[in-house]
Amino acid sequence: MNYKNFPMVPRIIFGRGSFNQLNEILAPKRLNSHAPFIYLVDDVFKSNAWLTSRIQLSYDDKIIFISSKEEPKTSQVDALVEEIILLTKERPSGIIGIGGGTILDLAKAVSIMLTNEGEAKDYQGWDLVKNAGVYHVGIPTISGTGAEVSRTTVLTGPDKKLGINSDFTPFDQVVLDSELTKDVPTDQWFYTGMDCYIHCIESLKGTYLNAFSQSYGDMALSLCKEIFLSDNLTELEAQEKLMMASWHGGMSIVYSQVGVAHAMSYGLSYLLGTKHGIGNCIVFDHLEEFYPEGVTLFKEMKEKHNIVLPNGLCAHLTDEEFNTMIDISLSLEPLWENALGANWKKTMTREKLRALYQKM
Ligand code: NAD
Ligand code: ZN
């Protein structure tokens, strides 16, 4: 057995209001006055002085506001890198991503592409990155994806949706300030929170499970149950706990894998642009065959928070479109193997997968 040696985020600050310490965290990392800090910020904060006024810009530092309406694309990463190179006299001192999984993934990918040749699509896969990226900081403003702790940055490229998985991908610093999540709308809170819940179920029910993954998965799952099913938490407690659930859920899949819901939602997202959180929910709602207890609990959570998921997404797809979705989904072999075991190809045929998609 050859065990993988994974890197982790080396520095983390946790606490309500810890965002106020960002400037002092960054100051010693400034290389020189021509090497700025570039802040990639979700444009939901564009008119939100409460957040942006606390970012201290010096020298050539810049804030670039980015929409997270669509999931990150390799071409978008390349365009951002180009923009940053044109804006700056020297390689930046740091890239700071402030937002949800979309912005965090863009920050990780931009940091890598500033120091590696070619285009982002060339690095979609496992361990293709040669040079360490620029110092990069992740500051989540919504909780659930685990992107703040993971070793990947999920990108849609010209012919695949696949992450840049590398030892250089994880953030050098993470700031966990739950106050930044206080204005997330309920629907989105649920979808992204369920990403964490689904990470736990897929990890805990997978064949790759081990004590490392289980310890984090159990913790994240128990936090999710408390957050989404109990009535005993204050809003503040729920926000802090979801931030930690996201972290633990992310840690759980570091040493295991996700499963059926993720494999299928990648297909939906590639073809229809369905975003990760809601896509996972749409799929997971129909997976009682694979995750009976997990899906029952999911339906309870959905009901408690009055979430109505869209349906009929695949009602009018052509054969060709179904095939594209099926190809993308089946190409994620480790996810299927984790979910269904080494002989997964016998269980999950194209016909079976199509029938599942047709329910959605
Ligand atoms: P997101 O970043 O797409 O944001 C969802 C919505 O919430 C957006 O409209 C955004 O503007 C809004 N939002 C974010 N913070 C807010 C705040 N504080 N107040 C109000 N609105 C706010 O959502 P997400 O679910 O966090 O991320 C999804 C992305 O994460 C996908 O692209 C997915 O592929 C990626 N992902 C990555 C990993 C990883 O390990 N790298 C894991 C899971 C998912
Ligand atoms: Zn996920």
# chains A, B, ... in the order shown; residues from 1 in each chain; ligands from 1
$ closest_atom_pairs --of "stretch 19-68 of chain A" --to "stretch 75-80 of chain A" --cutoff "10 Å" --atoms "only C-alpha atoms" --output "Markdown table"
| residue | atom | partner | partner_atom | distance |
| --- | --- | --- | --- | --- |
| A:Leu40 | CA | A:Leu80 | CA | 9.6 |
| A:Ile64 | CA | A:Leu80 | CA | 9.2 |
| A:Ile66 | CA | A:Leu80 | CA | 9.9 |
$ write_last_selection --atoms "C-alpha atoms" --output "CSV table (one decimal), in the first residue's frame"
chain,number,residue,atom,x,y,z
A,40,LEU,CA,-10.6,38.5,-5.7
A,64,ILE,CA,-11.2,42.7,-8.5
A,66,ILE,CA,-16.0,38.7,-9.6
$ residues_near_ligand --ligand "ligand 1" --cutoff "6 Å" --atoms "only C-alpha atoms and all ligand atoms" --output "PyMOL selection string"
chain A and resi 42+44+68-69+71-72+99-103+105+141-142+145-147+150+152-154+180-181+183-184+188+192+276-277
$ residues_near_ligand --ligand "ligand 2" --cutoff "10 Å" --atoms "only C-alpha atoms and all ligand atoms" --output "ChimeraX atom specification"
/A:101,144-147,154,192-200,202,249-250,253,258-259,261-263,265-266,276-277,279-280
$ closest_residue --among "A:Thr207, A:Cys281, A:Ser166, A:Ser256" --to "A:Asn343" --atoms "only C-alpha atoms"
A:Thr207
$ atom_distance --atom1 "atom CA of A:Tyr59" --atom2 "atom CA of A:Pro92"
11.6 Å
$ atom_distance --atom1 "atom CA of A:Lys160" --atom2 "atom CA of A:Ile328"
7.1 Å
$ residues_around --residues "A:Ser331" --least-positions-apart "6" --cutoff "12 Å" --atoms "only C-alpha atoms" --output "PDB file with N, CA and C atoms, in the first residue's frame"
ATOM      1  N   ASP A 159     -13.119  20.614 -22.360  1.00  0.00           N
ATOM      2  CA  ASP A 159     -13.655  19.266 -22.545  1.00  0.00           C
ATOM      3  C   ASP A 159     -13.842  18.465 -21.260  1.00  0.00           C
ATOM      4  N   LYS A 160     -13.644  19.087 -20.116  1.00  0.00           N
ATOM      5  CA  LYS A 160     -13.972  18.354 -18.891  1.00  0.00           C
ATOM      6  C   LYS A 160     -14.206  19.299 -17.718  1.00  0.00           C
ATOM      7  N   LYS A 161     -14.921  18.778 -16.741  1.00  0.00           N
ATOM      8  CA  LYS A 161     -15.010  19.472 -15.467  1.00  0.00           C
ATOM      9  C   LYS A 161     -14.159  18.683 -14.502  1.00  0.00           C
ATOM     10  N   LEU A 162     -13.023  19.244 -14.150  1.00  0.00           N
ATOM     11  CA  LEU A 162     -12.072  18.515 -13.316  1.00  0.00           C
ATOM     12  C   LEU A 162     -11.196  19.529 -12.587  1.00  0.00           C
ATOM     13  N   ALA A 263     -20.686  12.583  -8.599  1.00  0.00           N
ATOM     14  CA  ALA A 263     -20.418  12.109  -9.959  1.00  0.00           C
ATOM     15  C   ALA A 263     -21.550  12.543 -10.889  1.00  0.00           C
ATOM     16  N   MET A 264     -22.784  12.478 -10.404  1.00  0.00           N
ATOM     17  CA  MET A 264     -23.923  12.841 -11.258  1.00  0.00           C
ATOM     18  C   MET A 264     -24.078  14.353 -11.373  1.00  0.00           C
ATOM     19  N   TYR A 266     -21.786  16.581 -11.362  1.00  0.00           N
ATOM     20  CA  TYR A 266     -20.778  17.104 -12.300  1.00  0.00           C
ATOM     21  C   TYR A 266     -21.317  17.036 -13.732  1.00  0.00           C
ATOM     22  N   GLY A 267     -22.042  15.957 -14.053  1.00  0.00           N
ATOM     23  CA  GLY A 267     -22.643  15.825 -15.386  1.00  0.00           C
ATOM     24  C   GLY A 267     -23.666  16.927 -15.632  1.00  0.00           C
ATOM     25  N   ASN A 323     -26.062  11.573 -23.415  1.00  0.00           N
ATOM     26  CA  ASN A 323     -24.775  10.892 -23.557  1.00  0.00           C
ATOM     27  C   ASN A 323     -23.621  11.731 -23.049  1.00  0.00           C
ATOM     28  N   THR A 324     -23.672  13.034 -23.330  1.00  0.00           N
ATOM     29  CA  THR A 324     -22.609  13.922 -22.829  1.00  0.00           C
ATOM     30  C   THR A 324     -22.568  13.860 -21.306  1.00  0.00           C
ATOM     31  N   MET A 325     -23.756  13.965 -20.704  1.00  0.00           N
ATOM     32  CA  MET A 325     -23.837  13.977 -19.252  1.00  0.00           C
ATOM     33  C   MET A 325     -23.323  12.658 -18.663  1.00  0.00           C
ATOM     34  N   GLU A 337     -15.976   4.272  -7.865  1.00  0.00           N
ATOM     35  CA  GLU A 337     -15.339   3.147  -7.174  1.00  0.00           C
ATOM     36  C   GLU A 337     -15.528   3.283  -5.667  1.00  0.00           C
ATOM     37  N   LYS A 345     -18.657  -0.857 -12.416  1.00  0.00           N
ATOM     38  CA  LYS A 345     -19.128  -0.783 -13.806  1.00  0.00           C
ATOM     39  C   LYS A 345     -20.263  -1.761 -14.066  1.00  0.00           C
ATOM     40  N   ARG A 350     -24.700   2.580 -18.356  1.00  0.00           N
ATOM     41  CA  ARG A 350     -25.184   3.822 -18.986  1.00  0.00           C
ATOM     42  C   ARG A 350     -26.707   3.908 -18.896  1.00  0.00           C
TER      43      ARG A 350
END
$ residues_around --residues "A:Val254" --least-positions-apart "5" --cutoff "12 Å" --atoms "only C-alpha atoms" --output "number ranges by chain"
A: 4-8, 146-147, 149-152, 165-167, 170, 199-200, 203, 208-210, 212-214, 216-217, 247-249
$ write_last_selection --atoms "C-alpha atoms" --output "compact mmCIF listing (two decimals), in the first residue's frame"
# COMPACT_ATOMS: atom_id res chain seq x y z
CA LYS A 4 -0.58 9.51 0.02
CA ASN A 5 1.23 12.30 1.80
CA PHE A 6 -1.20 15.22 1.77
CA PRO A 7 -0.39 18.87 2.51
CA MET A 8 -2.67 20.89 4.80
CA GLY A 146 -14.78 22.67 2.06
CA ALA A 147 -12.93 24.51 -0.73
CA VAL A 149 -9.33 23.31 3.11
CA SER A 150 -9.20 21.11 0.02
CA ARG A 151 -6.33 20.22 -2.28
CA THR A 152 -8.32 20.94 -5.42
CA ASN A 165 -5.44 18.67 -7.71
CA SER A 166 -1.95 19.38 -6.45
CA ASP A 167 0.21 19.91 -3.40
CA PRO A 170 -4.24 24.41 -0.71
CA HIS A 199 -19.63 15.13 1.48
CA CYS A 200 -20.11 13.44 4.87
CA SER A 203 -17.38 9.73 2.53
CA TYR A 208 -12.51 4.15 0.70
CA LEU A 209 -13.48 4.97 4.29
CA ASN A 210 -10.75 4.80 6.92
CA PHE A 212 -8.92 9.37 9.38
CA SER A 213 -11.86 10.19 7.11
CA GLN A 214 -14.39 8.74 9.49
CA TYR A 216 -13.75 14.08 10.43
CA GLY A 217 -16.88 12.81 8.67
CA TRP A 247 -13.88 22.33 7.32
CA HIS A 248 -14.35 18.83 8.75
CA GLY A 249 -16.35 17.65 5.73
